Structure formats: C-alpha cells, structure tokens
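Novice: Input file: structure.txt. Contents: compact mmCIF, C-alpha atoms.
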```
# COMPACT_ATOMS: atom_id res chain seq x y z
CA MET D 1 85.14 0.66 145.70
CA ASP D 2 85.10 4.42 145.58
CA ARG D 3 87.86 4.28 142.99
CA LYS D 4 85.77 1.93 140.85
CA ARG D 5 82.73 4.22 141.16
CA ILE D 6 84.79 7.23 140.10
CA ILE D 7 86.21 5.38 137.10
CA GLY D 8 82.75 4.09 136.15
CA GLY D 9 81.31 7.58 136.48
CA LEU D 10 83.99 9.02 134.24
CA ILE D 11 83.35 6.35 131.60
CA LEU D 12 79.58 6.96 131.74
CA GLY D 13 80.11 10.70 131.50
CA CYS D 14 82.27 10.26 128.40
CA ILE D 15 79.69 8.01 126.80
CA LEU D 16 76.93 10.56 127.40
CA ILE D 17 79.03 13.40 126.02
CA LEU D 18 80.01 11.42 122.93
CA SER D 19 76.49 10.19 122.35
CA GLY D 20 75.18 13.73 122.67
CA CYS D 21 77.61 14.89 119.99
CA ARG D 22 76.74 11.93 117.80
CA ARG D 23 73.02 12.72 117.82
CA GLU D 24 73.76 16.17 116.38
CA ALA D 25 76.42 15.38 113.78
CA LEU D 26 75.57 11.81 112.82
CA PRO D 27 71.95 11.10 113.71
CA ASP D 28 71.35 7.42 114.25
CA ASP D 29 67.58 7.11 114.35
CA GLY D 30 64.76 7.22 111.82
CA ASP D 31 63.51 10.60 113.05
CA ASN D 32 66.43 12.28 111.25
CA ALA D 33 66.06 10.51 107.92
CA ILE D 34 65.86 12.81 104.90
CA HIS D 35 62.29 13.11 103.65
CA PHE D 36 60.69 15.16 100.88
CA SER D 37 57.28 16.46 99.98
CA MET D 38 56.53 17.00 96.32
CA GLY D 39 54.16 19.24 94.46
CA ALA D 40 54.02 21.03 91.14
CA ALA D 41 52.58 23.88 89.16
CA LEU D 42 50.09 21.71 87.30
CA ILE D 43 47.54 21.94 84.52
CA SER D 44 44.39 20.97 86.38
CA GLN D 45 42.14 20.11 83.43
CA GLY D 46 44.14 19.87 80.22
CA PRO D 47 43.74 17.70 77.13
CA ALA D 48 46.44 15.22 76.21
CA THR D 49 49.63 16.23 74.48
CA LYS D 50 50.58 14.28 71.38
CA PHE D 51 52.74 11.91 73.43
CA GLY D 52 51.02 11.81 76.81
CA ASP D 53 49.06 13.78 79.36
CA LEU D 54 49.75 17.16 80.84
CA LYS D 55 50.71 16.30 84.36
CA GLY D 56 48.02 16.16 87.02
CA GLU D 57 48.79 15.58 90.67
CA PHE D 58 51.46 13.00 91.42
CA GLY D 59 49.99 9.57 91.96
CA SER D 60 50.86 5.93 92.51
CA GLY D 61 53.47 4.73 90.02
CA ASP D 62 55.00 8.17 89.39
CA ASP D 63 58.79 8.49 89.46
CA VAL D 64 61.14 11.43 89.85
CA LEU D 65 64.93 11.65 89.68
CA VAL D 66 66.60 13.25 92.69
CA PHE D 67 70.11 14.72 92.75
CA GLY D 68 71.80 16.29 95.75
CA ARG D 69 74.94 16.97 97.75
CA ARG D 70 76.12 18.61 100.96
CA ASN D 71 78.22 21.72 100.41
CA THR D 72 81.22 20.27 102.28
CA ASP D 73 81.33 17.06 100.22
CA ASN D 74 82.91 16.55 96.82
CA HIS D 75 80.69 13.58 95.97
CA PRO D 76 76.91 13.31 95.41
CA VAL D 77 74.51 12.37 98.16
CA PHE D 78 71.92 11.51 95.48
CA ASP D 79 73.10 10.84 91.94
CA GLY D 80 69.91 10.53 89.92
CA VAL D 81 68.09 8.38 92.46
CA ASN D 82 64.82 7.06 91.04
CA VAL D 83 62.17 7.70 93.69
CA SER D 84 58.74 6.14 93.19
CA MET D 85 55.36 6.85 94.70
CA GLY D 86 53.55 3.76 95.94
CA THR D 87 50.98 2.84 98.53
CA ALA D 88 53.41 3.86 101.29
CA GLY D 89 54.20 7.22 99.68
CA TRP D 90 57.49 8.25 98.08
CA THR D 91 60.16 5.72 98.97
CA TYR D 92 63.47 4.28 97.87
CA GLY D 93 65.38 1.64 99.80
CA THR D 94 67.20 2.28 103.05
CA PRO D 95 66.87 5.84 104.42
CA ARG D 96 69.64 8.41 104.17
CA TYR D 97 70.24 10.58 107.26
CA TRP D 98 71.00 14.23 107.67
CA ASN D 99 74.60 14.86 108.69
CA TRP D 100 74.90 18.40 110.02
CA ALA D 101 78.53 18.94 111.04
CA ALA D 102 78.66 22.75 111.22
CA THR D 103 76.32 25.75 111.23
CA THR D 104 77.62 26.69 107.77
CA ASP D 105 76.44 23.41 106.23
CA TYR D 106 73.74 23.27 103.59
CA TYR D 107 72.30 20.66 101.25
CA ASP D 108 71.35 21.33 97.62
CA PHE D 109 68.63 19.18 96.03
CA LEU D 110 67.64 19.10 92.35
CA ALA D 111 64.95 16.92 90.78
CA MET D 112 63.40 16.13 87.40
CA TYR D 113 60.11 14.77 86.09
CA PRO D 114 59.39 12.68 84.07
CA VAL D 115 61.69 9.68 84.29
CA TYR D 116 61.69 8.79 80.60
CA GLY D 117 64.12 6.59 78.68
CA PRO D 118 65.27 9.00 75.94
CA ILE D 119 65.85 11.81 78.45
CA ALA D 120 69.48 11.94 79.62
CA PRO D 121 69.84 14.55 82.39
CA SER D 122 73.29 15.68 83.47
CA CYS D 123 74.12 16.94 86.97
CA ASP D 124 77.45 18.75 87.45
CA PHE D 125 78.56 17.94 90.99
CA ASP D 126 81.79 19.89 90.51
CA ALA D 127 79.91 23.11 89.74
CA ASP D 128 79.28 25.78 92.35
CA PRO D 129 76.36 25.99 92.66
CA LEU D 130 75.10 22.54 91.75
CA ILE D 131 73.39 22.47 88.34
CA LEU D 132 71.09 20.01 86.54
CA SER D 133 70.80 20.16 82.73
CA VAL D 134 68.21 18.50 80.46
CA SER D 135 68.17 18.74 76.64
CA TYR D 136 64.80 19.16 74.91
CA ASN D 137 63.84 18.90 71.23
CA ALA D 138 60.28 20.00 70.43
CA SER D 139 60.29 18.23 67.07
CA ALA D 140 61.32 14.88 68.55
CA MET D 141 59.99 14.93 72.13
CA GLN D 142 56.70 16.19 73.51
CA TYR D 143 56.34 15.80 77.26
CA ASP D 144 55.72 17.98 80.30
CA LEU D 145 59.30 18.61 81.50
CA MET D 146 59.41 19.82 85.10
CA LEU D 147 62.40 20.69 87.30
CA ALA D 148 62.77 21.53 90.98
CA SER D 149 65.53 22.95 93.17
CA LYS D 150 65.69 23.48 96.93
CA ARG D 151 68.48 24.44 99.34
CA ARG D 152 68.25 23.35 102.98
CA THR D 153 70.54 25.30 105.31
CA TYR D 154 71.46 24.65 108.92
CA SER D 155 69.58 27.79 109.91
CA SER D 156 66.55 27.21 107.65
CA ASP D 157 63.20 28.35 108.98
CA GLY D 158 61.62 25.53 110.93
CA ASP D 159 63.22 22.23 111.74
CA ARG D 160 66.34 21.52 109.68
CA PHE D 161 65.41 17.83 109.89
CA SER D 162 61.91 18.41 108.46
CA LYS D 163 60.71 17.39 105.01
CA VAL D 164 62.30 19.29 102.13
CA PRO D 165 59.52 20.69 99.89
CA LEU D 166 60.42 20.14 96.23
CA THR D 167 58.02 22.20 94.16
CA PHE D 168 58.35 21.37 90.47
CA SER D 169 57.97 24.06 87.83
CA HIS D 170 56.94 23.59 84.20
CA MET D 171 59.94 24.40 82.01
CA LEU D 172 57.84 24.54 78.84
CA CYS D 173 54.73 26.34 77.65
CA ALA D 174 51.60 24.62 76.31
CA VAL D 175 50.18 25.89 73.00
CA GLN D 176 46.74 24.98 71.66
CA VAL D 177 44.89 26.01 68.48
CA LYS D 178 41.17 26.51 67.86
CA VAL D 179 39.70 27.32 64.42
CA LYS D 180 36.31 28.96 63.87
CA ASN D 181 34.31 29.71 60.74
CA GLY D 182 33.20 33.34 60.79
CA SER D 183 31.73 33.38 57.28
CA ASN D 184 28.09 34.12 56.71
CA ASN D 185 27.23 31.27 54.36
CA GLU D 186 30.41 29.44 53.29
CA SER D 187 32.06 26.42 54.90
CA VAL D 188 35.79 26.30 55.66
CA TRP D 189 37.65 23.05 55.07
CA LEU D 190 40.44 22.62 57.61
CA GLN D 191 43.40 20.26 57.18
CA GLY D 192 45.86 21.16 59.96
CA TYR D 193 48.40 23.60 61.33
CA HIS D 194 52.10 23.86 62.27
CA PHE D 195 54.71 26.42 63.34
CA GLU D 196 57.81 27.67 61.55
CA ASN D 197 60.93 29.65 62.55
CA LEU D 198 60.70 28.60 66.19
CA VAL D 199 63.29 27.74 68.83
CA VAL D 200 63.15 23.96 68.59
CA THR D 201 66.06 22.74 70.72
CA GLY D 202 67.49 23.94 74.02
CA VAL D 203 68.85 22.94 77.42
CA ALA D 204 66.71 23.44 80.53
CA THR D 205 68.68 24.02 83.74
CA ALA D 206 67.90 23.98 87.45
CA SER D 207 70.33 25.51 89.92
CA PHE D 208 70.53 28.26 92.59
CA ASP D 209 71.13 32.01 92.58
CA ALA D 210 73.60 33.85 94.82
CA GLN D 211 71.09 33.81 97.71
CA GLY D 212 70.39 30.08 97.35
CA ALA D 213 66.94 30.53 95.80
CA PRO D 214 65.84 28.30 92.87
CA ALA D 215 67.18 29.41 89.47
CA LEU D 216 65.44 27.85 86.46
CA ASN D 217 66.62 28.82 82.98
CA TRP D 218 67.04 27.84 79.33
CA ASP D 219 70.40 27.78 77.54
CA GLU D 220 71.66 26.89 74.05
CA ARG D 221 68.35 27.68 72.34
CA THR D 222 68.45 27.07 68.56
CA ARG D 223 65.91 28.32 66.02
CA PHE D 224 64.92 26.41 62.85
CA THR D 225 62.93 27.37 59.74
CA SER D 226 61.51 23.85 59.31
CA PRO D 227 57.94 23.02 60.45
CA VAL D 228 57.51 21.96 64.06
CA GLY D 229 54.55 20.98 66.21
CA GLY D 230 51.00 21.21 65.01
CA ALA D 231 48.64 18.48 63.86
CA ASP D 232 46.52 17.30 60.96
CA ILE D 233 42.80 16.64 61.13
CA GLY D 234 43.31 12.97 60.31
CA ALA D 235 45.06 10.99 57.59
CA PRO D 236 47.35 12.93 55.19
CA GLY D 237 45.23 15.12 52.91
CA GLU D 238 42.05 14.65 54.94
CA ARG D 239 39.92 17.75 55.51
CA TRP D 240 37.26 18.67 58.05
CA GLU D 241 34.28 20.83 57.14
CA ILE D 242 33.70 23.68 59.57
CA LYS D 243 30.17 24.89 58.88
CA THR D 244 28.51 28.21 59.57
CA GLU D 245 25.94 26.89 62.04
CA THR D 246 26.61 27.98 65.62
CA THR D 247 26.89 24.40 66.88
CA ASN D 248 29.30 23.28 64.14
CA ASN D 249 31.41 26.34 63.42
CA THR D 250 34.44 25.57 65.62
CA TYR D 251 37.16 22.92 65.61
CA THR D 252 39.55 22.62 68.57
CA PHE D 253 42.72 20.58 68.21
CA ASN D 254 42.93 18.35 71.28
CA GLY D 255 46.70 18.13 71.40
CA GLN D 256 48.83 20.82 73.00
CA ASP D 257 52.31 21.61 71.73
CA MET D 258 54.90 21.65 74.52
CA MET D 259 57.23 24.42 73.36
CA ILE D 260 60.45 26.02 74.59
CA PRO D 261 59.96 29.57 75.95
CA GLN D 262 61.06 32.14 73.37
CA ASN D 263 60.87 35.65 71.98
CA HIS D 264 58.59 36.18 68.95
CA SER D 265 60.56 39.22 67.77
CA GLU D 266 63.66 37.15 67.06
CA LYS D 267 63.97 35.70 63.58
CA ILE D 268 66.04 33.68 61.13
CA GLY D 269 67.06 36.02 58.36
CA SER D 270 63.80 37.78 57.55
CA ASN D 271 61.59 34.99 58.95
CA TYR D 272 59.70 35.63 62.19
CA PRO D 273 58.04 32.86 64.26
CA THR D 274 54.91 31.93 62.32
CA LEU D 275 51.71 29.95 62.81
CA VAL D 276 50.62 28.28 59.54
CA VAL D 277 47.04 27.04 59.08
CA ASP D 278 46.21 24.79 56.10
CA TYR D 279 42.65 25.15 54.79
CA ALA D 280 40.52 25.27 51.64
CA VAL D 281 37.20 26.70 50.49
CA SER D 282 35.84 23.28 49.51
CA ALA D 283 36.60 19.58 49.82
CA THR D 284 38.38 19.57 46.44
CA ASP D 285 39.74 23.10 45.96
CA PRO D 286 43.50 23.68 46.21
CA LEU D 287 44.92 23.92 49.71
CA LEU D 288 45.55 27.44 51.04
CA HIS D 289 47.99 28.46 53.78
CA ALA D 290 47.25 31.23 56.25
CA ARG D 291 50.64 32.45 57.55
CA ILE D 292 50.35 34.43 60.79
CA GLN D 293 53.36 35.97 62.52
CA LEU D 294 53.11 35.37 66.27
CA LYS D 295 54.42 38.83 67.12
CA ASP D 296 51.41 40.40 65.38
CA ILE D 297 48.68 38.43 67.16
CA LEU D 298 46.63 40.42 69.65
CA THR D 299 45.27 39.08 72.92
CA ASN D 300 41.59 38.22 73.34
CA THR D 301 41.04 41.74 74.74
CA ASN D 302 42.76 43.43 71.79
CA ALA D 303 45.75 44.25 73.98
CA PRO D 304 49.19 44.53 72.32
CA ALA D 305 50.72 41.37 70.93
CA ILE D 306 52.32 38.93 73.36
CA PRO D 307 56.07 39.21 72.71
CA THR D 308 57.15 35.91 74.26
CA TRP D 309 56.14 32.42 75.26
CA GLU D 310 56.93 31.98 78.94
CA MET D 311 57.55 28.95 81.14
CA GLY D 312 54.49 27.62 82.91
CA LYS D 313 51.88 29.33 80.75
CA LYS D 314 49.18 28.08 78.38
CA TYR D 315 48.45 29.86 75.11
CA LEU D 316 45.20 29.29 73.24
CA TYR D 317 45.21 30.67 69.70
CA GLU D 318 41.72 31.23 68.33
CA ILE D 319 41.66 31.63 64.54
CA VAL D 320 38.51 32.95 62.85
CA PHE D 321 38.24 32.46 59.08
CA SER D 322 35.89 34.79 57.23
CA LEU D 323 36.04 33.90 53.54
CA ASP D 324 34.36 37.22 52.87
CA GLY D 325 36.56 39.20 55.26
CA GLY D 326 39.96 37.64 55.89
CA VAL D 327 41.48 35.95 58.96
CA GLN D 328 41.36 37.10 62.57
CA VAL D 329 43.49 35.62 65.33
CA ARG D 330 43.39 36.15 69.09
CA VAL D 331 45.43 34.53 71.85
CA THR D 332 44.35 33.83 75.41
CA THR D 333 47.02 33.35 78.08
CA THR D 334 46.54 31.53 81.38
CA ASN D 335 48.86 30.30 84.11
CA TRP D 336 49.15 26.70 85.17
CA ASP D 337 47.56 26.06 88.54
CA ALA D 338 49.90 25.94 91.53
CA VAL D 339 49.75 22.90 93.79
CA ALA D 340 51.73 22.99 97.03
CA ALA D 341 54.29 20.31 97.85
CA GLU D 342 52.12 18.50 100.37
CA THR D 343 51.97 14.97 99.02
CA PRO D 344 53.42 12.12 101.14
CA GLY D 345 57.10 12.58 101.92
CA ILE D 346 59.87 10.85 100.04
CA LEU D 347 62.08 8.53 102.03
CA ILE D 348 65.50 9.07 100.46
CA PRO D 349 67.74 5.98 100.28
CA GLN D 350 71.01 5.18 101.93
CA LEU D 351 73.65 5.14 99.18
```
Mind converting the file's structure to structure tokens?
Specialist:
Amino acid sequence: MDRKRIIGGLILGCILILSGCRREALPDDGDNAIHFSMGAALISQGPATKFGDLKGEFGSGDDVLVFGRRNTDNHPVFDGVNVSMGTAGWTYGTPRYWNWAATTDYYDFLAMYPVYGPIAPSCDFDADPLILSVSYNASAMQYDLMLASKRRTYSSDGDRFSKVPLTFSHMLCAVQVKVKNGSNNESVWLQGYHFENLVVTGVATASFDAQGAPALNWDERTRFTSPVGGADIGAPGERWEIKTETTNNTYTFNGQDMMIPQNHSEKIGSNYPTLVVDYAVSATDPLLHARIQLKDILTNTNAPAIPTWEMGKKYLYEIVFSLDGGVQVRVTTTNWDAVAAETPGILIPQL
C-alpha cells in the first residue's frame, strides 16, 4: 500500500511539474490568447478624398491585414490575416496563443489598412527584421494608406500576455486647395487645378529599427512631369465664377489629394514641383494657367517656404487671385489627430 502511495505520489508530482512548464511555454487556456487593440493617427473632421473618406475611428465592418512571426520561427504566425471589426470587436476564427519558450523570445507584428482589392502588400518573412511593403501610385490610387508595427518582447513592460497595441500611422499627406478672389471689382473664373513634377509612385514600408521600435519609410520614389492629382470644377471646360462679394469670393475644393511625402527642392531637369491653377478673367476668355512652384510658397504666417511634404500632415494651399495685383499663395500645415489604440481587442486566429 505504501509502495502504491509512493508511486502515485511520484506520478502526481511529475504531472504537476509538467503542467506547470506547459502553462508557461504552451499556454492552453483562453487567457493567453493573442489579442490586439487598434488605433490610428486620424483626420477627425476631413472632407472626402476623390475615392473615399479620410479615415475616422475604426468601426463595424472595418478590416485590417495582420502579419507576424516569432523570432525563433522561420514561418509566419500571421500571413496577411484579414481581421474584421464586428459587434463582438476585432475577431478572426479560432484564437492563436502566445508561445513563450525563452526569455530572448519576441514577436513582431505588422499591419495594413485598408484592405482593398488592387493593393498587393508583400511581407518578407525571411528578412531580419520583418518588413512589410506596399506600392502606391498617386495617379491611379487615392486612399488613406496606414501601416503599423509593434514588437512584443518577453520582458516588455506590463504583462507579456496583454493586448498588443497596434497604432496605425498615415503614410501619406493630405493636400487641399482653396481659391479666393482678391480683386476689387473683377470676377475670377476658376476651372480647376493639378500638380506637376511630383513623386507619383513609391513603396511604403513598415519594419523595426535596431532597438525594435517602429520604422516607417518610403522607398523607390519616382518623379514624373505629367499632371497628377487636382480636380476640375465640374464637366470638362466648365468654369465657376468667384465674385468679389465677401460671401462669394472663395471656392474650396472638397477633395484632398493623398500624396507621397517628398522634397520640393528636387526636380526633373529644370522642373520643380509645381501647383497649376486654371482660370480665366471671364466665362469666355482664353484659359490662363497660374504656375506656382511649391518650394516658393510661404506659410500662412509668412514664414519660409515649407521644403517637404511629410507623412501624417495636412496642407491647405490658399490661392488669392488679384487681377489687378497678381497671385498670392499661402500654405497652412496641421497634424492629423492622434487616437490611442484603445478600441476593442483583436482576437487573432489559430492558423
């Protein structure tokens, strides 16, 4: 009997030891499922782009693509998993669990918004560090591209099993144009605007720096002389009269151009990045073209010209036509509002 008790005690002791190890390395309950919270640097009150809305807070029906791996694995944990927000929060299938095997372990997570058919992101799981690449063409695609990256280490502040906050950043800048009539007694007839000599195509990347912090960049940027962006008042050739009265002397284009960040001092040959406004002095007079180099435009406080367009910023160009005194242009720069990643957590799927 004593022999049986001893044997039984040994077996029970082994089970407890093994189960204790298993809870650490291979968690087997829902408390250790991988969850996310998601937020973004958002435009809080912005007009629509030409192909959609500037992103507000994430809501029901939104989707993001999640990529990720553990540093000790040579295969993805998440390979472009489509995660949707519904009534129960961010979910996708059966949960995936943390698997901490050593104190040197870490997980890298990358994510993209929006999930949009023509966009073909590429995640290099063989790269060190992990990198996500997305091609963008401002002349063919206009959407609010956002990327996020987050590393979770074994020794991360707080609980290593807690939600991973994925804070998305705008990879583009939003450009808007407003035209005002500054003449004393003459109307201005506006037809539209566009840009020339801009960086039109590029590859946005999300990865990590040497310390494991998010690294968001642009590569392979290409500049073109052809027109890009902009808008017309209405049908081809249609003009809009901007009068001199205070209540009718301004026209604001509703659409915002989602542009690749770039330097206005760079050029193609002798051609600098240029804003072109098409206007006339009457409904029937020949069309005129005001060509304004972006590098020469002052800020709204007459500060030196803004040398670059930066990620996550809005630029409002205010153009004042004075038929008796030329053209004045000012630019106002604002940041997109920051929203913390505090929306309902994502339940990441079992692959």
Novice: Work out how far atom CA of D:Ala290 is from atom CA of D:Ser322, in Å to one decimal.
Specialist: 11.9 Å
Novice: Looking at D:Gln256, D:Ser207, D:Thr222, D:Ser187, which one is nearest to D:Asn137, with distances taken over only C-alpha atoms?
Specialist: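 The answer is D:Thr222, which sits nearest to D:Asn137.
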Novice: Please provide as a PDB file with C-alpha atoms, in the coordinates of the input all residues within 6 Å of D:Val188, with the sequence filter that same-chain residues fewer than 6 positions apart are discarded (counting all atoms listed in the file).
Specialist:
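The resulting out03.pdb:
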```
ATOM      1  CA  GLU D 241      34.280  20.830  57.140  1.00  0.00           C
ATOM      2  CA  ILE D 242      33.700  23.680  59.570  1.00  0.00           C
ATOM      3  CA  VAL D 281      37.200  26.700  50.490  1.00  0.00           C
TER       4      VAL D 281
END
```
Novice: Leaving out stretch 120-130 of chain D and any residue of its chain fewer than 3 positions from it, which residues lie within 9 Å of it when counting all atoms listed in the file, given as an MDAnalysis selection string?
Specialist: chainID D and resid 67:69 74:76 79:80 108:110 112 116:117 133:135 206:210 212
Novice: Write the selection just made, keeping C-alpha atoms, as a short mmCIF file (atom, residue, chain, number, x, y, z; two decimals), in the frame of the given file?
Specialist:
```cif
data_model
loop_
_atom_site.label_atom_id
_atom_site.label_comp_id
_atom_site.auth_asym_id
_atom_site.auth_seq_id
_atom_site.Cartn_x
_atom_site.Cartn_y
_atom_site.Cartn_z
CA PHE D 67 70.11 14.72 92.75
CA GLY D 68 71.80 16.29 95.75
CA ARG D 69 74.94 16.97 97.75
CA ASN D 74 82.91 16.55 96.82
CA HIS D 75 80.69 13.58 95.97
CA PRO D 76 76.91 13.31 95.41
CA ASP D 79 73.10 10.84 91.94
CA GLY D 80 69.91 10.53 89.92
CA ASP D 108 71.35 21.33 97.62
CA PHE D 109 68.63 19.18 96.03
CA LEU D 110 67.64 19.10 92.35
CA MET D 112 63.40 16.13 87.40
CA TYR D 116 61.69 8.79 80.60
CA GLY D 117 64.12 6.59 78.68
CA SER D 133 70.80 20.16 82.73
CA VAL D 134 68.21 18.50 80.46
CA SER D 135 68.17 18.74 76.64
CA ALA D 206 67.90 23.98 87.45
CA SER D 207 70.33 25.51 89.92
CA PHE D 208 70.53 28.26 92.59
CA ASP D 209 71.13 32.01 92.58
CA ALA D 210 73.60 33.85 94.82
CA GLY D 212 70.39 30.08 97.35
#
```
Novice: Residues near stretch 139-155 of chain D, anyone? I mean within 6 Å using only C-alpha atoms, not counting same-chain ones fewer than 4 positions away, as a ChimeraX atom specification.
Specialist: /D:51,103,105-113,166-171,214,228,258
Novice: With C-alpha atoms kept, could you save the residues just selected as a PDB file, in the frame of the given file?
Specialist:
```
ATOM      1  CA  PHE D  51      52.740  11.910  73.430  1.00  0.00           C
ATOM      2  CA  THR D 103      76.320  25.750 111.230  1.00  0.00           C
ATOM      3  CA  ASP D 105      76.440  23.410 106.230  1.00  0.00           C
ATOM      4  CA  TYR D 106      73.740  23.270 103.590  1.00  0.00           C
ATOM      5  CA  TYR D 107      72.300  20.660 101.250  1.00  0.00           C
ATOM      6  CA  ASP D 108      71.350  21.330  97.620  1.00  0.00           C
ATOM      7  CA  PHE D 109      68.630  19.180  96.030  1.00  0.00           C
ATOM      8  CA  LEU D 110      67.640  19.100  92.350  1.00  0.00           C
ATOM      9  CA  ALA D 111      64.950  16.920  90.780  1.00  0.00           C
ATOM     10  CA  MET D 112      63.400  16.130  87.400  1.00  0.00           C
ATOM     11  CA  TYR D 113      60.110  14.770  86.090  1.00  0.00           C
ATOM     12  CA  LEU D 166      60.420  20.140  96.230  1.00  0.00           C
ATOM     13  CA  THR D 167      58.020  22.200  94.160  1.00  0.00           C
ATOM     14  CA  PHE D 168      58.350  21.370  90.470  1.00  0.00           C
ATOM     15  CA  SER D 169      57.970  24.060  87.830  1.00  0.00           C
ATOM     16  CA  HIS D 170      56.940  23.590  84.200  1.00  0.00           C
ATOM     17  CA  MET D 171      59.940  24.400  82.010  1.00  0.00           C
ATOM     18  CA  PRO D 214      65.840  28.300  92.870  1.00  0.00           C
ATOM     19  CA  VAL D 228      57.510  21.960  64.060  1.00  0.00           C
ATOM     20  CA  MET D 258      54.900  21.650  74.520  1.00  0.00           C
TER      21      MET D 258
END
```
Novice: Return the single residue from D:Phe321, D:Asn335, D:Ala138, D:Gly234 that is closest to D:Asn184, with distances computed using all atoms listed in the file.
Specialist: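 Closest residue, counting all atoms listed in the file: D:Phe321.
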Novice: What is the atom CA of D:Gln176-atom CA of D:Val64 distance in Å, reported with one decimal?
Specialist: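 That distance, rounded to one decimal, is 26.9 Å.
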Novice: Of the candidates D:Pro261, D:Asn248, D:Val331, D:His194, which one gets nearest to D:Thr308 if we count all atoms listed in the file?
Specialist: D:Pro261
Novice: Separation of atom CA of D:Ala280 and atom CA of D:Val179, in Å?
Specialist: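 Distance reported for this atom pair: 13.0 Å.
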Novice: Considering only C-alpha atoms, state which residue in the set D:Ala101, D:Leu65, D:Ala231, D:Leu288 is at the smallest distance from D:Gly255.
Specialist: D:Ala231
